[in-house]
$ cat my_file12.cif   # mmCIF, C-alpha atoms
data_model
#
loop_
_atom_site.label_atom_id
_atom_site.label_comp_id
_atom_site.auth_asym_id
_atom_site.auth_seq_id
_atom_site.Cartn_x
_atom_site.Cartn_y
_atom_site.Cartn_z
CA MET A 1 0.00 0.00 0.00
CA THR A 2 2.83 2.36 0.91
CA ARG A 3 4.59 1.47 -2.33
CA VAL A 4 1.50 2.34 -4.39
CA PHE A 5 1.10 5.61 -2.53
CA THR A 6 4.77 6.52 -3.13
CA LEU A 7 4.43 5.66 -6.81
CA ALA A 8 1.33 7.84 -7.10
CA LEU A 9 3.18 10.72 -5.47
CA VAL A 10 6.10 10.36 -7.86
CA VAL A 11 3.77 10.27 -10.88
CA LEU A 12 1.92 13.34 -9.58
CA ALA A 13 5.17 15.23 -9.02
CA LEU A 14 6.41 14.37 -12.50
CA THR A 15 3.09 15.44 -14.01
CA ILE A 16 3.16 18.78 -12.23
CA THR A 17 6.80 19.58 -13.04
CA GLY A 18 6.47 18.32 -16.60
CA CYS A 19 3.65 20.70 -17.54
CA THR A 20 4.41 23.11 -20.36
CA ARG A 21 3.97 26.73 -19.43
CA VAL A 22 3.44 29.48 -21.98
CA GLN A 23 3.80 33.10 -21.06
CA TYR A 24 4.17 36.40 -22.84
CA GLY A 25 7.32 38.42 -22.39
CA ASP A 26 8.55 41.92 -23.08
CA ALA A 27 9.54 42.10 -26.78
CA THR A 28 11.94 44.95 -26.01
CA ALA A 29 13.73 43.12 -23.18
CA THR A 30 17.39 42.26 -23.53
CA GLU A 31 17.79 38.75 -24.92
CA THR A 32 20.97 36.85 -24.03
CA VAL A 33 20.11 33.23 -24.76
CA THR A 34 23.12 32.75 -27.08
CA VAL A 35 25.73 34.97 -28.72
CA ASP A 36 24.01 34.59 -32.10
CA PHE A 37 22.39 37.62 -33.67
CA GLY A 38 19.17 38.24 -31.78
CA SER A 39 16.25 40.59 -31.25
CA THR A 40 18.23 42.92 -28.99
CA ASP A 41 20.93 43.34 -31.65
CA LEU A 42 18.30 44.08 -34.28
CA GLN A 43 16.56 46.67 -32.10
CA MET A 44 19.83 48.30 -30.99
CA ILE A 45 21.03 48.61 -34.58
CA ALA A 46 17.73 50.10 -35.78
CA THR A 47 17.62 52.62 -32.91
CA SER A 48 21.24 53.59 -33.30
CA MET A 49 21.04 54.04 -37.10
CA VAL A 50 17.87 56.12 -36.98
CA ASP A 51 19.15 58.31 -34.11
CA ASP A 52 22.38 58.89 -35.98
CA LEU A 53 20.68 59.67 -39.29
CA MET A 54 18.17 62.08 -37.79
CA SER A 55 20.79 64.02 -35.85
CA PHE A 56 23.34 64.26 -38.68
CA PRO A 57 23.47 68.03 -39.44
CA PRO A 58 23.21 67.87 -43.29
CA VAL A 59 20.26 65.46 -42.96
CA VAL A 60 18.65 67.74 -40.36
CA GLN A 61 18.90 70.60 -42.88
CA LEU A 62 17.60 68.39 -45.67
CA THR A 63 14.50 67.31 -43.76
CA LEU A 64 13.61 70.65 -42.15
CA ASP A 65 10.99 71.66 -44.70
CA ARG A 66 10.51 68.57 -46.87
CA ARG A 67 10.29 64.80 -46.63
CA PRO A 68 12.73 63.20 -49.07
CA VAL A 69 11.70 59.95 -50.78
CA VAL A 70 13.99 57.02 -50.04
CA PHE A 71 14.17 53.43 -51.13
CA VAL A 72 15.82 50.66 -49.16
CA ASP A 73 18.13 48.36 -51.02
CA ARG A 74 19.06 45.12 -49.35
CA VAL A 75 21.62 44.85 -46.56
CA GLN A 76 24.21 42.24 -47.43
CA ASN A 77 24.64 39.52 -44.85
CA ARG A 78 28.39 38.83 -44.76
CA THR A 79 28.26 36.81 -41.55
CA VAL A 80 28.35 33.04 -41.23
CA GLU A 81 24.88 33.06 -39.67
CA HIS A 82 21.53 33.05 -41.41
CA ILE A 83 20.24 36.51 -40.53
CA ASP A 84 17.14 38.13 -41.92
CA THR A 85 18.68 41.52 -42.72
CA GLU A 86 15.41 42.65 -44.26
CA SER A 87 13.96 42.60 -40.78
CA VAL A 88 16.63 45.11 -39.70
CA THR A 89 15.91 47.43 -42.63
CA ASP A 90 12.16 47.06 -42.04
CA SER A 91 12.65 48.32 -38.47
CA ILE A 92 14.82 51.21 -39.66
CA ARG A 93 12.26 52.16 -42.33
CA THR A 94 9.38 52.01 -39.85
CA ARG A 95 11.16 54.28 -37.39
CA LEU A 96 12.09 56.74 -40.12
CA ILE A 97 8.52 56.89 -41.43
CA GLN A 98 7.19 57.41 -37.90
CA SER A 99 9.64 60.28 -37.43
CA GLY A 100 7.77 62.15 -40.13
CA LYS A 101 11.08 63.05 -41.78
CA PHE A 102 11.18 60.63 -44.72
CA ARG A 103 8.89 58.94 -47.19
CA PHE A 104 9.65 55.57 -48.77
CA VAL A 105 8.95 53.67 -51.94
CA ASP A 106 8.86 49.89 -51.68
CA MET A 107 10.50 48.06 -54.56
CA THR A 108 9.49 44.65 -53.21
CA VAL A 109 5.83 45.19 -54.14
CA VAL A 110 6.29 46.69 -57.61
CA ASP A 111 4.92 43.61 -59.40
CA ARG A 112 1.81 43.49 -57.24
CA VAL A 113 1.25 47.23 -57.69
CA ARG A 114 1.53 46.81 -61.45
CA GLN A 115 -0.97 43.94 -61.36
CA GLN A 116 -3.43 46.10 -59.44
CA MET A 117 -2.93 49.05 -61.81
CA ASP A 118 -3.41 46.82 -64.83
CA PHE A 119 -6.57 45.49 -63.24
CA GLN A 120 -7.86 49.02 -62.67
CA THR A 121 -7.09 50.27 -66.19
CA GLN A 122 -7.55 47.17 -68.37
CA SER A 123 -10.06 44.82 -66.80
CA GLY A 124 -13.08 46.99 -67.56
CA MET A 125 -14.38 46.29 -64.06
CA VAL A 126 -13.19 49.52 -62.43
CA ASP A 127 -14.83 52.91 -62.93
CA PRO A 128 -12.19 54.84 -64.98
CA ALA A 129 -12.93 57.96 -62.93
CA THR A 130 -11.65 56.22 -59.80
CA ALA A 131 -8.77 54.29 -61.39
CA VAL A 132 -5.31 55.48 -60.40
CA SER A 133 -3.32 57.18 -63.14
CA MET A 134 -0.27 55.47 -64.57
CA GLY A 135 3.13 57.11 -64.53
CA ARG A 136 2.56 59.36 -61.56
CA GLN A 137 4.57 57.57 -58.90
CA ILE A 138 7.33 59.56 -57.26
CA GLY A 139 10.92 58.54 -57.87
CA ALA A 140 13.22 57.98 -54.92
CA GLU A 141 15.89 60.59 -54.29
CA PHE A 142 18.02 58.54 -51.91
CA MET A 143 18.94 54.89 -51.48
CA LEU A 144 19.74 53.16 -48.19
CA TYR A 145 22.07 50.18 -48.44
CA GLY A 146 24.59 48.47 -46.24
CA ALA A 147 26.19 45.32 -44.90
CA LEU A 148 26.35 43.23 -41.77
CA THR A 149 29.67 41.55 -41.06
CA SER A 150 30.95 39.46 -38.19
CA ILE A 151 34.18 38.10 -36.75
CA VAL A 152 33.88 35.00 -34.61
CA LYS A 153 36.65 33.72 -32.37
CA ARG A 154 36.51 30.84 -29.95
CA ASP A 155 38.57 28.67 -27.70
CA ASN A 156 37.59 25.82 -25.39
CA ARG A 157 35.65 27.97 -22.99
CA THR A 158 34.91 31.27 -24.71
CA LYS A 159 33.13 32.34 -27.87
CA ASP A 160 33.50 35.94 -28.92
CA VAL A 161 31.37 37.45 -31.69
CA TYR A 162 31.88 40.91 -33.12
CA TYR A 163 29.17 42.32 -35.40
CA LYS A 164 29.47 45.43 -37.50
CA PHE A 165 26.46 46.93 -39.23
CA THR A 166 27.14 49.63 -41.82
CA LEU A 167 24.42 51.68 -43.46
CA ASN A 168 24.86 54.30 -46.18
CA MET A 169 22.50 56.80 -47.77
CA MET A 170 23.34 57.67 -51.36
CA ASN A 171 21.98 60.53 -53.42
CA LEU A 172 20.76 58.68 -56.54
CA GLU A 173 21.22 61.66 -58.82
CA THR A 174 24.77 62.57 -57.86
CA GLY A 175 26.01 59.20 -56.59
CA ILE A 176 27.33 60.88 -53.46
CA ILE A 177 27.04 59.07 -50.14
CA GLU A 178 25.36 61.74 -48.05
CA TRP A 179 25.43 59.82 -44.77
CA SER A 180 27.03 56.70 -43.39
CA SER A 181 27.01 55.11 -39.98
CA GLU A 182 28.34 52.03 -38.23
CA ARG A 183 27.16 50.16 -35.20
CA GLU A 184 29.42 47.63 -33.53
CA ILE A 185 28.26 44.94 -31.12
CA ARG A 186 30.50 42.59 -29.17
CA LYS A 187 29.10 39.52 -27.42
CA THR A 188 31.04 36.99 -25.41
CA GLN A 189 29.85 33.65 -24.16
CA SER A 190 31.90 31.91 -21.49
CA ARG A 191 31.46 28.38 -20.26
CA SER A 192 32.06 27.77 -16.60
CA LEU A 193 34.71 25.25 -15.56
CA PHE A 194 32.20 22.56 -14.56
CA GLY A 195 29.31 23.52 -16.77
CA ARG A 196 28.37 22.18 -20.16
CA MET B 1 34.23 42.83 16.12
CA LYS B 2 36.16 42.06 12.94
CA TYR B 3 32.97 40.78 11.34
CA LEU B 4 31.12 43.93 12.32
CA ALA B 5 33.81 46.06 10.66
CA LEU B 6 33.61 43.87 7.56
CA LEU B 7 29.82 44.17 7.49
CA LEU B 8 30.13 47.94 7.61
CA LEU B 9 32.85 47.99 4.96
CA VAL B 10 30.98 45.98 2.29
CA PRO B 11 28.02 48.37 1.85
CA ALA B 12 30.44 51.30 1.88
CA LEU B 13 32.45 49.62 -0.88
CA LEU B 14 29.32 48.91 -2.88
CA ALA B 15 27.88 52.37 -2.57
CA GLY B 16 31.20 54.17 -2.88
CA CYS B 17 31.49 57.84 -2.18
CA ALA B 18 27.99 59.06 -2.86
CA THR B 19 28.12 62.47 -4.45
CA THR B 20 25.32 64.89 -3.79
CA SER B 21 23.30 65.66 -6.88
CA ASP B 22 23.87 69.11 -8.31
CA LEU B 23 21.25 68.60 -10.98
CA PRO B 24 18.72 71.35 -11.58
CA PRO B 25 15.22 70.46 -10.29
CA GLU B 26 13.82 69.77 -13.78
CA ASP B 27 16.54 67.15 -14.38
CA GLN B 28 16.27 65.32 -11.07
CA ALA B 29 13.27 63.29 -12.25
CA VAL B 30 14.87 62.32 -15.57
CA MET B 31 16.42 59.11 -14.25
CA ARG B 32 13.90 56.43 -13.33
CA TYR B 33 14.83 53.15 -11.70
CA ASP B 34 13.01 50.04 -12.88
CA SER B 35 15.15 47.96 -10.50
CA VAL B 36 15.31 49.25 -6.93
CA SER B 37 18.75 47.64 -6.58
CA LEU B 38 20.25 50.20 -8.99
CA ASP B 39 19.08 53.17 -6.95
CA GLY B 40 22.20 54.45 -5.22
CA ARG B 41 24.58 52.47 -7.41
CA LEU B 42 23.96 54.20 -10.73
CA ALA B 43 23.66 57.96 -10.49
CA LEU B 44 22.75 60.65 -12.96
CA LEU B 45 25.36 63.40 -13.03
CA GLU B 46 24.45 65.55 -15.98
CA VAL B 47 21.67 66.06 -18.54
CA ASN B 48 22.33 67.85 -21.81
CA ARG B 49 19.69 68.79 -24.35
CA ALA B 50 20.04 70.16 -27.85
CA ASP B 51 17.77 70.61 -30.84
CA SER B 52 18.48 68.76 -34.06
CA GLY B 53 16.14 70.71 -36.28
CA ASP B 54 12.78 70.13 -34.62
CA LEU B 55 13.88 67.00 -32.74
CA ILE B 56 15.20 66.94 -29.19
CA ARG B 57 18.57 65.28 -28.78
CA THR B 58 19.82 64.38 -25.32
CA GLN B 59 22.97 63.10 -23.73
CA VAL B 60 23.06 62.04 -20.09
CA LEU B 61 26.10 61.29 -17.96
CA VAL B 62 25.74 58.33 -15.61
CA HIS B 63 28.15 57.27 -12.90
CA ASN B 64 28.72 53.85 -11.33
CA ARG B 65 29.21 54.59 -7.64
CA SER B 66 30.11 51.00 -6.89
CA ALA B 67 33.68 49.71 -6.92
CA PHE B 68 32.58 46.79 -9.08
CA ALA B 69 31.58 46.64 -12.72
CA LEU B 70 27.86 47.10 -13.22
CA SER B 71 25.74 45.46 -15.91
CA TYR B 72 22.57 47.38 -16.53
CA GLN B 73 20.04 48.18 -19.23
CA TYR B 74 18.59 51.52 -20.22
CA LYS B 75 16.01 53.01 -22.49
CA PHE B 76 14.71 56.47 -23.22
CA ARG B 77 11.00 57.17 -22.98
CA TRP B 78 9.62 60.16 -24.83
CA TYR B 79 6.44 62.11 -24.08
CA ASP B 80 4.42 64.67 -26.02
CA ARG B 81 3.04 67.91 -24.58
CA ASN B 82 -0.10 66.11 -23.38
CA GLY B 83 1.94 63.60 -21.40
CA PHE B 84 1.31 60.71 -23.79
CA GLU B 85 4.25 58.39 -24.27
CA ILE B 86 5.36 58.27 -27.90
CA ALA B 87 5.72 54.76 -29.34
CA PRO B 88 5.73 53.01 -25.93
CA ASP B 89 7.06 49.76 -27.43
CA GLY B 90 9.42 51.46 -29.83
CA GLU B 91 12.48 51.85 -27.63
CA PRO B 92 14.38 48.68 -26.75
CA TRP B 93 16.23 48.05 -23.50
CA GLN B 94 19.89 48.46 -24.34
CA PRO B 95 22.47 46.48 -22.36
CA ARG B 96 25.55 48.24 -20.98
CA ARG B 97 28.47 47.30 -18.76
CA LEU B 98 30.13 50.07 -16.80
CA ALA B 99 33.40 49.61 -14.95
CA GLY B 100 33.52 50.39 -11.24
CA ARG B 101 33.66 54.07 -10.29
CA SER B 102 33.45 55.15 -13.90
CA GLU B 103 31.14 57.28 -16.00
CA GLU B 104 29.64 57.08 -19.46
CA ARG B 105 27.34 59.15 -21.65
CA LEU B 106 24.14 57.75 -23.08
CA GLN B 107 22.56 59.45 -26.05
CA GLY B 108 19.02 59.51 -27.37
CA VAL B 109 17.09 61.28 -30.11
CA ALA B 110 13.35 61.93 -29.97
CA PRO B 111 11.40 59.65 -32.29
CA ASN B 112 9.51 62.59 -33.80
CA PRO B 113 8.99 66.36 -33.37
CA SER B 114 6.00 65.94 -31.02
CA ALA B 115 8.34 64.87 -28.16
CA VAL B 116 8.82 67.60 -25.55
CA ARG B 117 10.02 65.61 -22.54
CA PHE B 118 11.93 62.42 -21.85
CA GLU B 119 12.94 60.04 -19.09
CA ILE B 120 15.77 57.55 -18.99
CA TRP B 121 14.81 54.25 -17.37
CA VAL B 122 17.45 51.90 -16.01
CA ARG B 123 17.26 48.35 -14.71
CA GLU B 124 19.52 45.40 -13.97
#
$ encode --input "my_file12.cif" --output "structure tokens"
Amino acid sequence: MTRVFTLALVVLALTITGCTRVQYGDATATETVTVDFGSTDLQMIATSMVDDLMSFPPVVQLTLDRRPVVFVDRVQNRTVEHIDTESVTDSIRTRLIQSGKFRFVDMTVVDRVRQQMDFQTQSGMVDPATAVSMGRQIGAEFMLYGALTSIVKRDNRTKDVYYKFTLNMMNLETGIIEWSSEREIRKTQSRSLFGR
Amino acid sequence: MKYLALLLLVPALLAGCATTSDLPPEDQAVMRYDSVSLDGRLALLEVNRADSGDLIRTQVLVHNRSAFALSYQYKFRWYDRNGFEIAPDGEPWQPRRLAGRSEERLQGVAPNPSAVRFEIWVRE
């Protein structure tokens, strides 16, 4: 009888401790699960780039009385990790739009926009008075482009990762890089003597 | 008796030489502590403001009063003239590590021209 009772207690304990728990966390909290590129790095880079761009004196002058149109080219991932660099540029673009200082054109949706415009002008299903006019989109004046690089070093106990994110803003008409900024991040992971 | 002296020494070493704040009254509420444990260890020494066009730019000087290195996180929170926080989820917590008894400057730029006031929040 005692044995059965003990067994029941063990099963109950295992059931309780084995339960999966789901909880929401703070998306802006610092994440240090591994040294790999993470959400904190993405957010820090976006914040740093936007702060730097918006406080750069020539850009401040440029955006005082107008909102230049920009397009975001891709950011090259030159690290050994699979990193969604588009997510970084999406965050930068969102922050810049919300600043009210810049406007953007999105080259990733050009085909879908063309499909919709063709539908409006050629399908015969849309009232021509409400169809959007062709050839009236605004051309971008500046292009944002950049690269993410990393240097990884490790020994038996330590892994050190250095990330460098570079972003440039080029004037498309003159080819001049009007602004450039870098953000460096260093992360180190150490294994304790007896840990795994 | 030795233990008593040691007990008295440890908090003194942790807190260091606390400097009295010479901040103007409007700057004394700029630093907000999300972790009570940082209050007294990380102090605000200076607040600078400048305008970048129609955006507020700020730089604050913080000081680690402790003799030991301090790992902490910070973020700026920006408010409009009605007291509404601008983009409450827009600013990430940024990790920092500050050597013992040293200072560093943290910089922030308002997310848009409607910002008139800011706070810097710190936590462990």
$ resolve_selection --input "my_file12.cif" --expression "the PyMOL selection byres ((chain B) within 10 of (chain A))" --output "PDB file with C-alpha atoms, in the coordinates of the input"
ATOM      1  CA  ASP B  51      17.770  70.610 -30.840  1.00  0.00           C
ATOM      2  CA  SER B  52      18.480  68.760 -34.060  1.00  0.00           C
ATOM      3  CA  GLY B  53      16.140  70.710 -36.280  1.00  0.00           C
ATOM      4  CA  ASP B  54      12.780  70.130 -34.620  1.00  0.00           C
ATOM      5  CA  LEU B  55      13.880  67.000 -32.740  1.00  0.00           C
ATOM      6  CA  ILE B  56      15.200  66.940 -29.190  1.00  0.00           C
ATOM      7  CA  ARG B  57      18.570  65.280 -28.780  1.00  0.00           C
ATOM      8  CA  GLN B  73      20.040  48.180 -19.230  1.00  0.00           C
ATOM      9  CA  TYR B  74      18.590  51.520 -20.220  1.00  0.00           C
ATOM     10  CA  LYS B  75      16.010  53.010 -22.490  1.00  0.00           C
ATOM     11  CA  ALA B  87       5.720  54.760 -29.340  1.00  0.00           C
ATOM     12  CA  ASP B  89       7.060  49.760 -27.430  1.00  0.00           C
ATOM     13  CA  GLY B  90       9.420  51.460 -29.830  1.00  0.00           C
ATOM     14  CA  GLU B  91      12.480  51.850 -27.630  1.00  0.00           C
ATOM     15  CA  PRO B  92      14.380  48.680 -26.750  1.00  0.00           C
ATOM     16  CA  TRP B  93      16.230  48.050 -23.500  1.00  0.00           C
ATOM     17  CA  GLN B  94      19.890  48.460 -24.340  1.00  0.00           C
ATOM     18  CA  PRO B  95      22.470  46.480 -22.360  1.00  0.00           C
ATOM     19  CA  GLN B 107      22.560  59.450 -26.050  1.00  0.00           C
ATOM     20  CA  GLY B 108      19.020  59.510 -27.370  1.00  0.00           C
ATOM     21  CA  VAL B 109      17.090  61.280 -30.110  1.00  0.00           C
ATOM     22  CA  ALA B 110      13.350  61.930 -29.970  1.00  0.00           C
ATOM     23  CA  PRO B 111      11.400  59.650 -32.290  1.00  0.00           C
ATOM     24  CA  ASN B 112       9.510  62.590 -33.800  1.00  0.00           C
ATOM     25  CA  PRO B 113       8.990  66.360 -33.370  1.00  0.00           C
ATOM     26  CA  SER B 114       6.000  65.940 -31.020  1.00  0.00           C
TER      27      SER B 114
END
$ resolve_selection --input "my_file12.cif" --expression "the PyMOL selection byres ((chain A and resi 149) around 10)" --output "compact mmCIF listing (two decimals) with C-alpha atoms, in the frame of the given file"
# COMPACT_ATOMS: atom_id res chain seq x y z
CA GLN A 76 24.21 42.24 -47.43
CA ASN A 77 24.64 39.52 -44.85
CA ARG A 78 28.39 38.83 -44.76
CA THR A 79 28.26 36.81 -41.55
CA VAL A 80 28.35 33.04 -41.23
CA GLU A 81 24.88 33.06 -39.67
CA ALA A 147 26.19 45.32 -44.90
CA LEU A 148 26.35 43.23 -41.77
CA SER A 150 30.95 39.46 -38.19
CA ILE A 151 34.18 38.10 -36.75
CA TYR A 162 31.88 40.91 -33.12
CA TYR A 163 29.17 42.32 -35.40
CA LYS A 164 29.47 45.43 -37.50
CA PHE A 165 26.46 46.93 -39.23
CA THR A 166 27.14 49.63 -41.82
CA GLU A 184 29.42 47.63 -33.53
$ axis_aligned_box --input "my_file12.cif" --around "region 69-78 of chain B" --padding-each-side "3 Å" --output "AutoDock Vina command-line options"
--center_x 20.6 --center_y 52.8 --center_z -18.8 --size_x 28.0 --size_y 20.7 --size_z 18.1
$ atom_distance --input "my_file12.cif" --atom1 "CA of Ser37 (chain B)" --atom2 "CA of Glu124 (chain B)"
7.8 Å
$ closest_residue --input "my_file12.cif" --among "B:Leu106, B:Arg101, B:Arg81, B:Ala67" --to "Val122 (chain B)" --atoms "only C-alpha atoms"
B:Leu106
$ closest_residue --input "my_file12.cif" --among "A:Arg114, A:Pro128, A:Phe104, A:Ile177" --to "Tyr145 (chain A)" --atoms "all atoms listed in the file"
A:Ile177
$ atom_distance --input "my_file12.cif" --atom1 "CA of Met170 (chain A)" --atom2 "CA of Val110 (chain A)"
21.2 Å
$ resolve_selection --input "my_file12.cif" --expression "the PyMOL selection byres ((chain A and resi 106) around 10)" --output "list of chain:residue names"
A:Val70, A:Phe71, A:Val72, A:Asp73, A:Phe104, A:Val105, A:Met107, A:Thr108, A:Val109, A:Val110, A:Ala140
$ atom_distance --input "my_file12.cif" --atom1 "CA of Gln59 (chain B)" --atom2 "CA of Arg105 (chain B)"
6.2 Å
$ residues_around --input "my_file12.cif" --residues "Glu178 (chain A)" --least-positions-apart "2" --cutoff "9 Å" --atoms "all atoms listed in the file" --output "PyMOL selection string"
chain A and resi 58-59+142+168-171+175-176+180
$ residues_around --input "my_file12.cif" --residues "Ile120 (chain B)" --least-positions-apart "5" --cutoff "8 Å" --atoms "all atoms listed in the file" --output "mmCIF file with C-alpha atoms, keeping the file's coordinate frame"
data_model
loop_
_atom_site.group_PDB
_atom_site.id
_atom_site.type_symbol
_atom_site.label_atom_id
_atom_site.label_comp_id
_atom_site.auth_asym_id
_atom_site.auth_seq_id
_atom_site.Cartn_x
_atom_site.Cartn_y
_atom_site.Cartn_z
ATOM 1 C CA VAL B 30 14.870 62.320 -15.570
ATOM 2 C CA MET B 31 16.420 59.110 -14.250
ATOM 3 C CA ARG B 32 13.900 56.430 -13.330
ATOM 4 C CA TYR B 74 18.590 51.520 -20.220
ATOM 5 C CA LYS B 75 16.010 53.010 -22.490
ATOM 6 C CA PHE B 76 14.710 56.470 -23.220
ATOM 7 C CA ARG B 77 11.000 57.170 -22.980
#
$ residues_near_point --input "my_file12.cif" --point "(16.1, 49.3, -14.4)" --cutoff "6 Å" --atoms "all atoms listed in the file" --output "PyMOL selection string"
chain B and resi 33-35+121-124
$ closest_residue --input "my_file12.cif" --among "B:Phe68, B:Asp80, B:Leu23, B:Val116" --to "Asn48 (chain B)" --atoms "only C-alpha atoms"
B:Leu23
$ residues_around --input "my_file12.cif" --residues "region 129-132 of chain A" --least-positions-apart "6" --cutoff "8 Å" --atoms "all atoms listed in the file" --output "list in words"
Met117, Gln120 and Thr121 of chain A
$ build_atoms --input "my_file12.cif" --residues "region 81-97 of chain B" --atoms "N, CA and C atoms" --output "PDB file, in the coordinates of the input"
ATOM      1  N   ARG B  81       3.411  66.826 -25.512  1.00  0.00           N
ATOM      2  CA  ARG B  81       3.040  67.910 -24.580  1.00  0.00           C
ATOM      3  C   ARG B  81       1.802  67.566 -23.740  1.00  0.00           C
ATOM      4  N   ASN B  82       1.059  66.534 -24.167  1.00  0.00           N
ATOM      5  CA  ASN B  82      -0.100  66.110 -23.380  1.00  0.00           C
ATOM      6  C   ASN B  82       0.252  65.008 -22.384  1.00  0.00           C
ATOM      7  N   GLY B  83       1.510  64.637 -22.346  1.00  0.00           N
ATOM      8  CA  GLY B  83       1.940  63.600 -21.400  1.00  0.00           C
ATOM      9  C   GLY B  83       1.827  62.195 -21.936  1.00  0.00           C
ATOM     10  N   PHE B  84       1.415  62.050 -23.207  1.00  0.00           N
ATOM     11  CA  PHE B  84       1.310  60.710 -23.790  1.00  0.00           C
ATOM     12  C   PHE B  84       2.712  60.213 -24.169  1.00  0.00           C
ATOM     13  N   GLU B  85       2.966  58.953 -23.864  1.00  0.00           N
ATOM     14  CA  GLU B  85       4.250  58.390 -24.270  1.00  0.00           C
ATOM     15  C   GLU B  85       4.213  58.095 -25.764  1.00  0.00           C
ATOM     16  N   ILE B  86       5.284  58.481 -26.447  1.00  0.00           N
ATOM     17  CA  ILE B  86       5.360  58.270 -27.900  1.00  0.00           C
ATOM     18  C   ILE B  86       5.961  56.896 -28.160  1.00  0.00           C
ATOM     19  N   ALA B  87       5.270  56.119 -28.975  1.00  0.00           N
ATOM     20  CA  ALA B  87       5.720  54.760 -29.340  1.00  0.00           C
ATOM     21  C   ALA B  87       6.213  53.988 -28.116  1.00  0.00           C
ATOM     22  N   PRO B  88       5.311  53.653 -27.186  1.00  0.00           N
ATOM     23  CA  PRO B  88       5.730  53.010 -25.930  1.00  0.00           C
ATOM     24  C   PRO B  88       6.563  51.738 -26.125  1.00  0.00           C
ATOM     25  N   ASP B  89       6.296  50.996 -27.198  1.00  0.00           N
ATOM     26  CA  ASP B  89       7.060  49.760 -27.430  1.00  0.00           C
ATOM     27  C   ASP B  89       8.184  49.964 -28.440  1.00  0.00           C
ATOM     28  N   GLY B  90       8.442  51.208 -28.774  1.00  0.00           N
ATOM     29  CA  GLY B  90       9.420  51.460 -29.830  1.00  0.00           C
ATOM     30  C   GLY B  90      10.867  51.445 -29.379  1.00  0.00           C
ATOM     31  N   GLU B  91      11.096  51.773 -28.118  1.00  0.00           N
ATOM     32  CA  GLU B  91      12.480  51.850 -27.630  1.00  0.00           C
ATOM     33  C   GLU B  91      12.869  50.541 -26.953  1.00  0.00           C
ATOM     34  N   PRO B  92      13.951  49.925 -27.405  1.00  0.00           N
ATOM     35  CA  PRO B  92      14.380  48.680 -26.750  1.00  0.00           C
ATOM     36  C   PRO B  92      15.224  48.953 -25.506  1.00  0.00           C
ATOM     37  N   TRP B  93      15.271  47.981 -24.620  1.00  0.00           N
ATOM     38  CA  TRP B  93      16.230  48.050 -23.500  1.00  0.00           C
ATOM     39  C   TRP B  93      17.605  47.768 -24.073  1.00  0.00           C
ATOM     40  N   GLN B  94      18.547  48.636 -23.783  1.00  0.00           N
ATOM     41  CA  GLN B  94      19.890  48.460 -24.340  1.00  0.00           C
ATOM     42  C   GLN B  94      20.854  48.067 -23.227  1.00  0.00           C
ATOM     43  N   PRO B  95      21.560  46.947 -23.414  1.00  0.00           N
ATOM     44  CA  PRO B  95      22.470  46.480 -22.360  1.00  0.00           C
ATOM     45  C   PRO B  95      23.768  47.281 -22.332  1.00  0.00           C
ATOM     46  N   ARG B  96      24.274  47.547 -21.150  1.00  0.00           N
ATOM     47  CA  ARG B  96      25.550  48.240 -20.980  1.00  0.00           C
ATOM     48  C   ARG B  96      26.334  47.591 -19.850  1.00  0.00           C
ATOM     49  N   ARG B  97      27.630  47.744 -19.876  1.00  0.00           N
ATOM     50  CA  ARG B  97      28.470  47.300 -18.760  1.00  0.00           C
ATOM     51  C   ARG B  97      29.424  48.442 -18.442  1.00  0.00           C
TER      52      ARG B  97
END
